[in-house]
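Undergrad: First the structure, which I've put down as structure tokens, then a few questions once you've had a look.
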Amino acid sequence: MRPVAHDADGVIVGEDDLAAQVEQCYLNVATALAEVGASFHQVAKLTEYAVDLVPEKLPLLAEGVARAAAKLGITPTPPLTGIGVAALAAPGLLVEVGAIAVVD
């Protein structure tokens, strides 16, 4: 599972919708964690790479995180660093989320 806003078929979710893409990224990270027997409770740090990150986009990032956290039951969310980038690997992708988890 990729840490970008792709669905199971590899189609971009929420094109031009930053909050929707953030939410999908978190759901994908949760799926990847589950595949190795882990959960968000074991995540030590998250990194969001957002295209053309400016302060005005921060509420959209927060909205996507909040929607995913509600669906996944993540409270509190792990520490997060946001990094602005010029572009991601494919056109239409607005955000990528990386997670570092401590797994036994």
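Chain labels A, B, ... are given in the sequence in which chains occur in the structure tokens; within each chain residues are numbered consecutively from 1, and ligands are likewise numbered from 1 in the order shown.
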Mind the document's chain letters and residue numbers, and return as number ranges by chain the residues of segment 33-102 of chain A that DSSP labels strand (DSSP E or B).
TA: A: 43-51, 80-85, 95-101
Undergrad: Write out as a ChimeraX atom specification the set of residues from segment 9-83 of chain A that DSSP, computed on the backbone, places in alpha helix (DSSP H).
TA: /A:18-35,58-72
Undergrad: Can I get the selected residues back with N, CA and C atoms, as a CSV table (one decimal), in the first residue's frame?
TA:
```csv
chain,number,residue,atom,x,y,z
A,18,LEU,N,-7.4,18.5,-1.0
A,18,LEU,CA,-6.3,18.2,-0.1
A,18,LEU,C,-6.7,17.4,1.1
A,19,ALA,N,-7.8,17.8,1.7
A,19,ALA,CA,-8.3,17.1,2.9
A,19,ALA,C,-8.7,15.6,2.6
A,20,ALA,N,-9.3,15.4,1.5
A,20,ALA,CA,-9.6,14.0,1.1
A,20,ALA,C,-8.4,13.2,0.9
A,21,GLN,N,-7.4,13.8,0.3
A,21,GLN,CA,-6.2,13.1,0.0
A,21,GLN,C,-5.4,12.8,1.3
A,22,VAL,N,-5.4,13.7,2.2
A,22,VAL,CA,-4.8,13.4,3.5
A,22,VAL,C,-5.5,12.3,4.2
A,23,GLU,N,-6.8,12.3,4.2
A,23,GLU,CA,-7.6,11.3,4.9
A,23,GLU,C,-7.2,9.9,4.2
A,24,GLN,N,-7.2,9.8,2.9
A,24,GLN,CA,-6.9,8.6,2.2
A,24,GLN,C,-5.5,8.1,2.5
A,25,CYS,N,-4.5,9.0,2.6
A,25,CYS,CA,-3.2,8.6,3.0
A,25,CYS,C,-3.1,7.9,4.3
A,26,TYR,N,-3.8,8.5,5.3
A,26,TYR,CA,-3.8,8.0,6.7
A,26,TYR,C,-4.5,6.6,6.6
A,27,LEU,N,-5.6,6.4,5.9
A,27,LEU,CA,-6.2,5.1,5.8
A,27,LEU,C,-5.3,4.1,5.2
A,28,ASN,N,-4.5,4.5,4.2
A,28,ASN,CA,-3.6,3.6,3.5
A,28,ASN,C,-2.4,3.3,4.5
A,29,VAL,N,-2.0,4.2,5.3
A,29,VAL,CA,-1.0,3.9,6.3
A,29,VAL,C,-1.5,2.9,7.3
A,30,ALA,N,-2.7,3.1,7.7
A,30,ALA,CA,-3.4,2.1,8.7
A,30,ALA,C,-3.4,0.8,8.0
A,31,THR,N,-3.8,0.7,6.8
A,31,THR,CA,-3.8,-0.6,6.1
A,31,THR,C,-2.4,-1.3,6.0
A,32,ALA,N,-1.4,-0.5,5.7
A,32,ALA,CA,0.0,-1.0,5.7
A,32,ALA,C,0.4,-1.5,7.1
A,33,LEU,N,0.1,-0.7,8.1
A,33,LEU,CA,0.4,-1.1,9.5
A,33,LEU,C,-0.3,-2.4,9.8
A,34,ALA,N,-1.5,-2.5,9.5
A,34,ALA,CA,-2.3,-3.8,9.8
A,34,ALA,C,-1.7,-5.0,9.1
A,35,GLU,N,-1.1,-4.8,7.9
A,35,GLU,CA,-0.5,-5.9,7.2
A,35,GLU,C,0.7,-6.5,7.9
A,58,LEU,N,-3.0,24.7,5.9
A,58,LEU,CA,-2.9,24.0,7.1
A,58,LEU,C,-4.3,23.5,7.6
A,59,PRO,N,-5.4,24.3,7.6
A,59,PRO,CA,-6.7,23.8,8.0
A,59,PRO,C,-7.1,22.6,7.2
A,60,LEU,N,-6.8,22.5,5.9
A,60,LEU,CA,-7.2,21.4,5.1
A,60,LEU,C,-6.4,20.1,5.5
A,61,LEU,N,-5.2,20.3,5.8
A,61,LEU,CA,-4.4,19.2,6.3
A,61,LEU,C,-5.0,18.7,7.6
A,62,ALA,N,-5.3,19.6,8.5
A,62,ALA,CA,-5.9,19.3,9.8
A,62,ALA,C,-7.2,18.6,9.7
A,63,GLU,N,-8.0,19.1,8.7
A,63,GLU,CA,-9.3,18.4,8.5
A,63,GLU,C,-9.2,17.0,8.0
A,64,GLY,N,-8.3,16.8,7.1
A,64,GLY,CA,-8.0,15.4,6.6
A,64,GLY,C,-7.5,14.5,7.8
A,65,VAL,N,-6.6,15.0,8.6
A,65,VAL,CA,-6.1,14.2,9.7
A,65,VAL,C,-7.3,13.9,10.7
A,66,ALA,N,-8.1,14.9,11.0
A,66,ALA,CA,-9.2,14.7,11.9
A,66,ALA,C,-10.2,13.7,11.4
A,67,ARG,N,-10.5,13.7,10.1
A,67,ARG,CA,-11.5,12.8,9.5
A,67,ARG,C,-10.9,11.3,9.6
A,68,ALA,N,-9.6,11.2,9.3
A,68,ALA,CA,-9.0,9.9,9.3
A,68,ALA,C,-8.9,9.4,10.8
A,69,ALA,N,-8.6,10.3,11.7
A,69,ALA,CA,-8.4,9.9,13.1
A,69,ALA,C,-9.8,9.4,13.7
A,70,ALA,N,-10.9,10.1,13.3
A,70,ALA,CA,-12.2,9.7,13.7
A,70,ALA,C,-12.5,8.3,13.2
A,71,LYS,N,-12.2,8.1,11.9
A,71,LYS,CA,-12.5,6.7,11.3
A,71,LYS,C,-11.7,5.6,11.9
A,72,LEU,N,-10.4,6.0,12.3
A,72,LEU,CA,-9.5,4.9,12.8
A,72,LEU,C,-9.4,4.9,14.3
```
Undergrad: Counting only C-alpha atoms, what is within 8 Å of segment 36-49 of chain A, bar same-chain residues fewer than 4 positions away, as a list in words?
TA: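 Here the answer would be Ala30, Ala32, Ile74, Pro78, Pro79, Leu80, Thr81, Gly82, Ile83, Gly84, Val85, Val95, Glu96, Val97, Gly98, Ala99, Ile100, Ala101, Val102 and Val103 of chain A.
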Undergrad: Mind checking which residues fall within 9 Å of segment 91-94 of chain A, counting only C-alpha atoms, ignoring those fewer than 5 positions away in the same chain, and posting them as a CSV table (one decimal) with N, CA and C atoms, in the first residue's frame?
TA:
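What ended up in around_35.csv:
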```csv
chain,number,residue,atom,x,y,z
A,4,VAL,N,0.3,7.4,-0.4
A,4,VAL,CA,-0.3,8.5,-1.1
A,4,VAL,C,-1.8,8.2,-1.2
A,5,ALA,N,-2.5,9.1,-1.9
A,5,ALA,CA,-4.0,9.1,-1.9
A,5,ALA,C,-4.5,8.2,-3.1
A,6,HIS,N,-4.1,6.9,-3.1
A,6,HIS,CA,-4.6,6.0,-4.1
A,6,HIS,C,-5.6,5.0,-3.4
A,12,ILE,N,-6.3,7.8,-8.0
A,12,ILE,CA,-6.2,8.9,-7.0
A,12,ILE,C,-7.6,9.2,-6.4
A,13,VAL,N,-7.6,9.3,-5.1
A,13,VAL,CA,-8.8,9.7,-4.4
A,13,VAL,C,-8.8,11.2,-4.1
A,15,GLU,N,-9.1,14.0,-6.1
A,15,GLU,CA,-8.3,14.9,-6.9
A,15,GLU,C,-8.7,16.3,-6.7
A,16,ASP,N,-7.7,17.2,-6.5
A,16,ASP,CA,-7.9,18.6,-6.1
A,16,ASP,C,-8.5,18.8,-4.8
A,17,ASP,N,-8.6,17.8,-3.9
A,17,ASP,CA,-9.1,18.0,-2.6
A,17,ASP,C,-8.1,17.5,-1.5
A,18,LEU,N,-7.4,18.5,-1.0
A,18,LEU,CA,-6.3,18.2,-0.1
A,18,LEU,C,-6.7,17.4,1.1
A,21,GLN,N,-7.4,13.8,0.3
A,21,GLN,CA,-6.2,13.1,0.0
A,21,GLN,C,-5.4,12.8,1.3
A,22,VAL,N,-5.4,13.7,2.2
A,22,VAL,CA,-4.8,13.4,3.5
A,22,VAL,C,-5.5,12.3,4.2
A,49,TYR,N,4.2,15.2,3.4
A,49,TYR,CA,4.9,16.0,2.3
A,49,TYR,C,3.7,16.6,1.5
A,50,ALA,N,3.6,17.9,1.5
A,50,ALA,CA,2.4,18.5,0.8
A,50,ALA,C,2.9,19.4,-0.3
A,51,VAL,N,2.3,19.3,-1.5
A,51,VAL,CA,2.7,20.1,-2.6
A,51,VAL,C,2.3,21.6,-2.3
A,52,ASP,N,3.3,22.5,-2.6
A,52,ASP,CA,3.1,23.9,-2.4
A,52,ASP,C,2.4,24.3,-1.1
```
